[in-house]
Every structure is written in structure tokens, then in C-alpha cells.
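Participant: File follows, my_file.cif with mmCIF, C-alpha atoms:
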data_data
#
loop_
_atom_site.group_PDB
_atom_site.id
_atom_site.type_symbol
_atom_site.label_atom_id
_atom_site.label_comp_id
_atom_site.auth_asym_id
_atom_site.auth_seq_id
_atom_site.Cartn_x
_atom_site.Cartn_y
_atom_site.Cartn_z
ATOM 1 C CA MET A 1 210.689 120.968 102.351
ATOM 2 C CA PRO A 2 210.872 117.162 102.358
ATOM 3 C CA LEU A 3 211.060 115.445 105.704
ATOM 4 C CA PRO A 4 212.497 112.006 104.915
ATOM 5 C CA PHE A 5 212.624 110.971 108.553
ATOM 6 C CA LEU A 6 208.818 111.120 108.659
ATOM 7 C CA THR A 7 208.163 108.848 105.687
ATOM 8 C CA ALA A 8 206.956 105.344 106.263
ATOM 9 C CA ASP A 9 208.754 104.012 103.209
ATOM 10 C CA SER A 10 212.262 105.126 104.105
ATOM 11 C CA ALA A 11 213.524 101.785 102.823
ATOM 12 C CA PHE A 12 212.607 102.902 99.298
ATOM 13 C CA ASP A 13 214.408 106.230 99.706
ATOM 14 C CA THR A 14 217.801 104.535 99.763
ATOM 15 C CA SER A 15 220.921 106.154 98.433
ATOM 16 C CA GLU A 16 223.057 105.028 95.524
ATOM 17 C CA ASP A 17 225.185 102.593 97.509
ATOM 18 C CA ASP A 18 222.105 100.833 98.993
ATOM 19 C CA VAL A 19 223.920 99.596 102.086
ATOM 20 C CA ALA A 20 221.896 98.229 104.997
ATOM 21 C CA LEU A 21 221.906 100.621 107.918
ATOM 22 C CA PRO A 22 223.498 99.325 111.121
ATOM 23 C CA TYR A 23 220.319 99.731 113.169
ATOM 24 C CA GLU A 24 218.141 97.778 110.764
ATOM 25 C CA ASP A 25 217.424 94.408 112.344
ATOM 26 C CA LEU A 26 216.583 91.846 109.679
ATOM 27 C CA ASP A 27 215.146 89.493 112.304
ATOM 28 C CA GLN A 28 212.247 91.836 113.065
ATOM 29 C CA TRP A 29 209.047 91.490 111.081
ATOM 30 C CA ARG A 30 208.550 94.410 108.694
ATOM 31 C CA ARG A 31 206.021 95.326 106.066
ATOM 32 C CA PRO A 32 207.806 96.103 102.770
ATOM 33 C CA TYR A 33 205.201 98.696 101.785
ATOM 34 C CA ARG A 34 203.069 101.437 103.286
ATOM 35 C CA PRO A 35 199.455 100.702 104.198
ATOM 36 C CA GLY A 36 197.122 101.969 101.511
ATOM 37 C CA PRO A 37 194.796 104.939 101.819
ATOM 38 C CA CYS A 38 191.686 102.740 101.900
ATOM 39 C CA ARG A 39 192.993 100.803 104.891
ATOM 40 C CA VAL A 40 194.207 103.902 106.731
ATOM 41 C CA GLY A 41 190.970 105.772 106.001
ATOM 42 C CA ALA A 42 188.808 102.904 107.262
ATOM 43 C CA ALA A 43 190.884 102.672 110.453
ATOM 44 C CA ALA A 44 190.656 106.443 110.943
ATOM 45 C CA LEU A 45 186.869 106.335 110.574
ATOM 46 C CA ALA A 46 186.700 103.452 113.065
ATOM 47 C CA LEU A 47 188.801 105.423 115.554
ATOM 48 C CA LEU A 48 186.559 108.453 115.027
ATOM 49 C CA LEU A 49 183.541 106.265 115.781
ATOM 50 C CA ALA A 50 185.318 104.953 118.884
ATOM 51 C CA SER A 51 185.927 108.501 120.096
ATOM 52 C CA PHE A 52 182.206 109.264 119.826
ATOM 53 C CA VAL A 53 181.361 106.055 121.683
ATOM 54 C CA LEU A 54 183.855 107.001 124.420
ATOM 55 C CA LEU A 55 182.257 110.453 124.646
ATOM 56 C CA ALA A 56 178.857 108.786 124.968
ATOM 57 C CA ALA A 57 180.262 106.519 127.694
ATOM 58 C CA MET A 58 181.488 109.569 129.607
ATOM 59 C CA ILE A 59 178.106 111.296 129.322
ATOM 60 C CA ILE A 60 176.287 108.138 130.415
ATOM 61 C CA ALA A 61 178.686 107.722 133.357
ATOM 62 C CA PHE A 62 178.093 111.308 134.498
ATOM 63 C CA ALA A 63 174.349 110.708 134.225
ATOM 64 C CA GLY A 64 174.750 107.882 136.728
ATOM 65 C CA ALA A 65 174.055 104.798 134.600
ATOM 66 C CA LEU A 66 177.261 102.828 135.125
ATOM 67 C CA PRO A 67 176.175 99.592 133.368
ATOM 68 C CA GLY A 68 175.426 101.574 130.211
ATOM 69 C CA ALA A 69 178.756 103.385 130.463
ATOM 70 C CA LEU A 70 180.604 100.088 130.852
ATOM 71 C CA SER A 71 178.867 98.632 127.813
ATOM 72 C CA CYS A 72 179.836 101.729 125.798
ATOM 73 C CA LEU A 73 183.431 101.320 126.994
ATOM 74 C CA ALA A 74 183.390 97.682 125.868
ATOM 75 C CA VAL A 75 182.048 98.654 122.435
ATOM 76 C CA ALA A 76 184.714 101.363 122.116
ATOM 77 C CA ALA A 77 187.441 98.890 123.081
ATOM 78 C CA LEU A 78 186.200 96.464 120.412
ATOM 79 C CA VAL A 79 186.153 99.200 117.766
ATOM 80 C CA ILE A 80 189.668 100.369 118.722
ATOM 81 C CA GLY A 81 190.946 96.781 118.631
ATOM 82 C CA ALA A 82 189.364 96.247 115.217
ATOM 83 C CA ALA A 83 190.946 99.464 113.881
ATOM 84 C CA LEU A 84 194.366 98.444 115.145
ATOM 85 C CA ARG A 85 194.016 94.965 113.660
ATOM 86 C CA LEU A 86 192.924 96.509 110.368
ATOM 87 C CA LEU A 87 196.131 98.543 110.300
ATOM 88 C CA ARG A 88 198.213 95.456 111.144
ATOM 89 C CA MET A 89 196.816 93.396 108.242
ATOM 90 C CA GLY A 90 199.084 92.669 105.309
ATOM 91 C CA THR A 91 202.246 90.823 104.370
ATOM 92 C CA TRP A 92 205.259 90.976 106.662
ATOM 93 C CA VAL A 93 208.750 89.618 105.984
ATOM 94 C CA SER A 94 211.823 88.863 108.054
ATOM 95 C CA ARG A 95 214.851 86.641 107.873
ATOM 96 C CA GLU A 96 212.704 83.813 109.278
ATOM 97 C CA GLY A 97 210.037 83.818 106.580
ATOM 98 C CA VAL A 98 206.928 85.535 105.315
ATOM 99 C CA ARG A 99 203.828 86.226 107.391
ATOM 100 C CA ARG A 100 200.363 86.982 106.045
ATOM 101 C CA VAL A 101 198.315 88.779 108.678
ATOM 102 C CA GLY A 102 194.575 88.699 108.164
ATOM 103 C CA PHE A 103 191.845 90.175 110.324
ATOM 104 C CA PHE A 104 191.111 86.926 112.162
ATOM 105 C CA ARG A 105 194.060 84.720 111.213
ATOM 106 C CA THR A 106 197.829 84.979 110.827
ATOM 107 C CA GLU A 107 199.829 82.488 108.798
ATOM 108 C CA THR A 108 203.628 82.278 108.876
ATOM 109 C CA VAL A 109 205.654 80.342 106.315
ATOM 110 C CA PRO A 110 209.393 79.881 106.914
ATOM 111 C CA TRP A 111 211.614 80.547 103.921
ATOM 112 C CA ALA A 112 212.741 76.911 104.068
ATOM 113 C CA ARG A 113 209.176 75.811 103.165
ATOM 114 C CA ALA A 114 208.760 78.383 100.369
ATOM 115 C CA THR A 115 209.537 76.979 96.941
ATOM 116 C CA ALA A 116 208.570 80.018 94.829
ATOM 117 C CA VAL A 117 207.239 83.547 95.105
ATOM 118 C CA ARG A 118 205.821 84.861 91.861
ATOM 119 C CA THR A 119 203.450 87.454 90.436
ATOM 120 C CA VAL A 120 200.621 86.080 88.289
ATOM 121 C CA GLN A 121 197.640 87.448 86.366
ATOM 122 C CA GLN A 122 194.452 85.953 87.771
ATOM 123 C CA PRO A 123 191.018 86.885 89.090
ATOM 124 C CA VAL A 124 191.510 88.573 92.470
ATOM 125 C CA ARG A 125 189.053 89.696 95.118
ATOM 126 C CA TRP A 126 188.224 93.396 95.068
ATOM 127 C CA LEU A 127 188.897 94.888 98.552
ATOM 128 C CA GLY A 128 188.539 91.404 100.045
ATOM 129 C CA LEU A 129 184.888 91.182 99.019
ATOM 130 C CA PRO A 130 183.422 88.171 97.155
ATOM 131 C CA ARG A 131 183.448 90.103 93.863
ATOM 132 C CA THR A 132 186.444 89.197 91.685
ATOM 133 C CA VAL A 133 188.152 91.267 89.016
ATOM 134 C CA GLN A 134 191.080 90.546 86.730
ATOM 135 C CA GLY A 135 194.314 91.632 88.390
ATOM 136 C CA GLN A 136 197.725 90.663 89.654
ATOM 137 C CA ALA A 137 198.517 88.599 92.713
ATOM 138 C CA LEU A 138 201.749 87.728 94.464
ATOM 139 C CA LEU A 139 201.620 84.012 95.283
ATOM 140 C CA LEU A 140 203.759 81.961 97.641
ATOM 141 C CA VAL A 141 204.096 78.299 96.663
ATOM 142 C CA ARG A 142 204.794 76.099 99.698
ATOM 143 C CA GLN A 143 206.430 72.690 99.812
ATOM 144 C CA GLY A 144 203.987 69.828 100.062
ATOM 145 C CA GLU A 145 200.856 71.977 99.667
ATOM 146 C CA GLY A 146 198.892 72.323 96.468
ATOM 147 C CA GLU A 147 197.155 75.638 97.039
ATOM 148 C CA PRO A 148 199.483 78.667 96.889
ATOM 149 C CA LEU A 149 199.132 81.383 99.510
ATOM 150 C CA THR A 150 198.087 84.770 98.119
ATOM 151 C CA LEU A 151 200.310 87.373 99.749
ATOM 152 C CA LEU A 152 199.304 90.557 97.893
ATOM 153 C CA THR A 153 196.845 91.607 95.214
ATOM 154 C CA ASP A 154 196.666 94.819 93.266
ATOM 155 C CA HIS A 155 192.997 95.255 94.224
ATOM 156 C CA ASN A 156 193.222 94.947 98.016
ATOM 157 C CA ALA A 157 192.963 97.855 100.463
ATOM 158 C CA ASP A 158 196.690 98.577 100.268
ATOM 159 C CA PHE A 159 197.137 98.762 96.500
ATOM 160 C CA LEU A 160 193.797 99.791 95.002
ATOM 161 C CA ALA A 161 194.666 102.311 92.242
ATOM 162 C CA ARG A 162 198.374 102.163 93.258
ATOM 163 C CA VAL A 163 199.929 99.900 90.636
ATOM 164 C CA GLU A 164 203.474 101.214 91.175
ATOM 165 C CA ALA A 165 203.241 100.529 94.902
ATOM 166 C CA PHE A 166 202.091 96.968 94.218
ATOM 167 C CA ASP A 167 205.006 96.403 91.841
ATOM 168 C CA ARG A 168 207.481 97.772 94.395
ATOM 169 C CA ALA A 169 206.039 95.638 97.204
ATOM 170 C CA ALA A 170 205.970 92.498 95.053
ATOM 171 C CA ASP A 171 209.575 93.106 94.023
ATOM 172 C CA ALA A 172 210.580 93.602 97.659
ATOM 173 C CA VAL A 173 208.945 90.349 98.805
ATOM 174 C CA GLU A 174 210.460 88.487 95.844
ATOM 175 C CA ALA A 175 213.888 89.911 96.759
ATOM 176 C CA TRP A 176 213.500 88.720 100.360
ATOM 177 C CA SER A 177 212.541 85.302 99.027
ATOM 178 C CA ALA A 178 215.492 85.174 96.654
ATOM 179 C CA GLU A 179 217.886 86.161 99.432
ATOM 180 C CA TYR A 180 216.648 83.983 102.289
ATOM 181 C CA ALA A 181 214.857 81.037 100.673
ATOM 182 C CA VAL A 182 218.033 79.876 98.957
ATOM 183 C CA SER A 183 220.283 80.242 102.015
ATOM 184 C CA SER A 184 217.873 78.407 104.356
#
Go ahead and express the file in the form of C-alpha cells.

Facilitator:
Amino acid sequence: MPLPFLTADSAFDTSEDDVALPYEDLDQWRRPYRPGPCRVGAAALALLLASFVLLAAMIIAFAGALPGALSCLAVAALVIGAALRLLRMGTWVSREGVRRVGFFRTETVPWARATAVRTVQQPVRWLGLPRTVQGQALLLVRQGEGEPLTLLTDHNADFLARVEAFDRAADAVEAWSAEYAVSS
């Protein structure tokens, strides 16, 4: 029994008429794809680690060593924050522009500054590591800047071994660009 109200990609389950729903606010930042299993699995493992650290903090607190318990709480808070930031990473779009959220840095480019969004074949980083492999990347070319911004790759944590999902996400970002970059 399918439960469409529980899917994260309800935007891709549109009907034939493909009319925007009245509650969809185009001014809110949204990710045009679901986070990949590698990213979700890494965040789940980090949250599992945080739960063990919190359990250790409780045991240490009951043993009477409050400075040790507080340090365990601080470590757990850092791990939980890192897991949440890991889930937030990716490319987000709205009527204002496109936003690339990294682990330490977020970069927003208004559609008025975007000259082109295109998919190219090039060496891409595998899971964000220094190793490069041949793959596809969605690039955003900005006005007045020589280096294009890489929005998505087919070998990052969201699209590793999910070529169809990469194509859908790249098409969605290109559609947002075609709709809002021209009208800005």
C-alpha cells in the first residue's frame, strides 16, 4: 500500500496536469531531490554514536563526576550538530536563487547573477574526497566570475549509484534556472 504523503519526493509524484499546489511557497528554500542513502546512513551512524555518548554522560553523572559528564554532553552536542549539518548539505533552490550548502560554508547566488546552469562531463570528486573519477557535474556559471560553482555531481553522497536521481535533480535545478533567471 503506497503512502504518498510520507515520501520526501512528493514533487516528483505530480499528476498529469502538473499544477503548483496552493500551499507550496516558492519563496522558501527547498532541495529538489532526496538526500542519498550514503548521507542519511552517515548521519544515522553519527546520531547512534551521539546516543551512546549521551548514555555515557548519564552514567558518569550518576557516578558523581560532573566535569566528565559535561564534557561528554559537549561531545554529544557536537556530534548531533555535525549529523544535522550533514543532512542539510546539498543544493537548495528558491525564487531568489540557488544555494549550495556545504559542511562549513554556504554560498548563495541570486538568479540575476546566474548566466548558465549546465550539466558537463568532467572529473568529479568521489564522495567529496580528493580522489577524482570521471562523472557528471551540474555547474552554475556566474556573472563576472571565471570559476563555475559545482552544484551537484553524480558521485557525491546524494547520487552515488543513483544516476536517475542525479538526472532528475539536475533537470529540476535547470528548470528553476530557466524559469527565474530569465525573469529576474

Participant: So which one's closest to Phe103 of chain A, A:Cys72, A:Leu86, A:Gly128, A:Asp25? Using all atoms listed in the file, please.

Facilitator: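 Of all the options, A:Leu86 lies closest to Phe103 of chain A.
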
Participant: Give me the result of the PyMOL selection byres ((chain A and resi 76) around 10) on this file, residue by residue, as a list of chain:residue names.

Facilitator: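 Checking the PyMOL selection byres ((chain A and resi 76) around 10) against this file, the residues are A:Ala46, A:Leu47, A:Leu49, A:Ala50, A:Ser51, A:Phe52, A:Val53, A:Leu54, A:Leu55, A:Ala56, A:Ala57, A:Leu70, A:Ser71, A:Cys72, A:Leu73, A:Ala74, A:Val75, A:Ala77, A:Leu78, A:Val79, A:Ile80, A:Gly81, A:Ala82.
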
Participant: Which residues would end up in the selection if the PyMOL selection byres ((chain A and resi 165-167) around 9) were applied here, given that I need the answer as a VMD selection string?

Facilitator: chain A and resid 33 to 34 136 152 to 154 158 to 160 162 to 164 168 to 172

Participant: Expand the PyMOL selection byres ((chain A and resi 106) around 12) into the individual residues it matches in the shown file, reporting them as a ChimeraX atom specification.

Facilitator: /A:85,88-92,98-105,107-109,149,151

Participant: For atom CA of Ala161 of chain A and atom CA of Arg118 of chain A, quote the distance in Å rounded to one decimal.

Facilitator: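 For atom CA of Ala161 of chain A relative to atom CA of Arg118 of chain A, the distance reads 20.7 Å.
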
Participant: Output segment 107-118 of chain A as a short mmCIF file (atom, residue, chain, number, x, y, z; two decimals), keeping the file's coordinate frame, making sure all heavy atoms are there.

Facilitator:
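The resulting out_23.cif:
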data_model
loop_
_atom_site.label_atom_id
_atom_site.label_comp_id
_atom_site.auth_asym_id
_atom_site.auth_seq_id
_atom_site.Cartn_x
_atom_site.Cartn_y
_atom_site.Cartn_z
N GLU A 107 199.15 83.68 109.28
CA GLU A 107 199.83 82.49 108.80
C GLU A 107 201.28 82.83 108.49
O GLU A 107 201.57 83.77 107.75
CB GLU A 107 199.13 81.96 107.54
CG GLU A 107 199.66 80.65 107.09
CD GLU A 107 198.79 80.04 106.00
OE1 GLU A 107 197.74 80.62 105.66
OE2 GLU A 107 199.17 78.98 105.49
N THR A 108 202.20 82.07 109.07
CA THR A 108 203.63 82.28 108.88
C THR A 108 204.22 81.09 108.13
O THR A 108 203.97 79.95 108.49
CB THR A 108 204.34 82.44 110.23
OG1 THR A 108 203.74 83.54 110.93
CG2 THR A 108 205.81 82.72 110.05
N VAL A 109 204.99 81.38 107.10
CA VAL A 109 205.65 80.34 106.32
C VAL A 109 207.15 80.61 106.37
O VAL A 109 207.60 81.67 105.92
CB VAL A 109 205.17 80.34 104.85
CG1 VAL A 109 205.90 79.29 104.03
CG2 VAL A 109 203.67 80.15 104.78
N PRO A 110 207.94 79.69 106.92
CA PRO A 110 209.39 79.88 106.91
C PRO A 110 209.93 79.84 105.49
O PRO A 110 209.37 79.18 104.62
CB PRO A 110 209.92 78.70 107.74
CG PRO A 110 208.75 78.09 108.39
CD PRO A 110 207.53 78.49 107.63
N TRP A 111 211.04 80.53 105.26
CA TRP A 111 211.61 80.55 103.92
C TRP A 111 212.03 79.15 103.48
O TRP A 111 212.06 78.86 102.29
CB TRP A 111 212.81 81.49 103.86
CG TRP A 111 212.45 82.93 103.96
CD1 TRP A 111 212.91 83.81 104.89
CD2 TRP A 111 211.58 83.68 103.10
NE1 TRP A 111 212.35 85.06 104.67
CE2 TRP A 111 211.54 85.00 103.57
CE3 TRP A 111 210.82 83.36 101.99
CZ2 TRP A 111 210.79 86.00 102.98
CZ3 TRP A 111 210.06 84.37 101.39
CH2 TRP A 111 210.05 85.66 101.88
N ALA A 112 212.34 78.27 104.43
CA ALA A 112 212.74 76.91 104.07
C ALA A 112 211.59 76.13 103.43
O ALA A 112 211.83 75.21 102.64
CB ALA A 112 213.24 76.17 105.31
N ARG A 113 210.35 76.49 103.75
CA ARG A 113 209.18 75.81 103.16
C ARG A 113 208.67 76.48 101.90
O ARG A 113 207.76 75.97 101.24
CB ARG A 113 208.04 75.77 104.20
CG ARG A 113 208.29 74.74 105.27
CD ARG A 113 207.07 74.53 106.15
NE ARG A 113 205.84 74.39 105.40
CZ ARG A 113 204.68 74.97 105.78
NH1 ARG A 113 204.62 75.70 106.86
NH2 ARG A 113 203.60 74.80 105.06
N ALA A 114 209.21 77.65 101.56
CA ALA A 114 208.76 78.38 100.37
C ALA A 114 209.55 77.91 99.16
O ALA A 114 210.77 77.95 99.15
CB ALA A 114 208.95 79.88 100.56
N THR A 115 208.84 77.43 98.15
CA THR A 115 209.54 76.98 96.94
C THR A 115 209.59 78.07 95.88
O THR A 115 210.54 78.13 95.12
CB THR A 115 208.85 75.74 96.35
OG1 THR A 115 207.49 76.05 96.06
CG2 THR A 115 208.92 74.58 97.31
N ALA A 116 208.58 78.95 95.83
CA ALA A 116 208.57 80.02 94.83
C ALA A 116 207.67 81.15 95.30
O ALA A 116 206.66 80.94 95.97
CB ALA A 116 208.07 79.49 93.49
N VAL A 117 208.06 82.35 94.93
CA VAL A 117 207.24 83.55 95.10
C VAL A 117 207.17 84.20 93.74
O VAL A 117 208.19 84.55 93.16
CB VAL A 117 207.85 84.52 96.14
CG1 VAL A 117 207.02 85.79 96.23
CG2 VAL A 117 207.94 83.86 97.50
N ARG A 118 205.95 84.33 93.21
CA ARG A 118 205.82 84.86 91.86
C ARG A 118 204.56 85.70 91.72
O ARG A 118 203.58 85.51 92.43
CB ARG A 118 205.84 83.73 90.84
CG ARG A 118 204.69 82.78 90.98
CD ARG A 118 204.72 81.72 89.89
NE ARG A 118 203.59 80.85 90.02
CZ ARG A 118 203.64 79.64 90.56
NH1 ARG A 118 204.77 79.17 90.99
NH2 ARG A 118 202.55 78.90 90.63
#
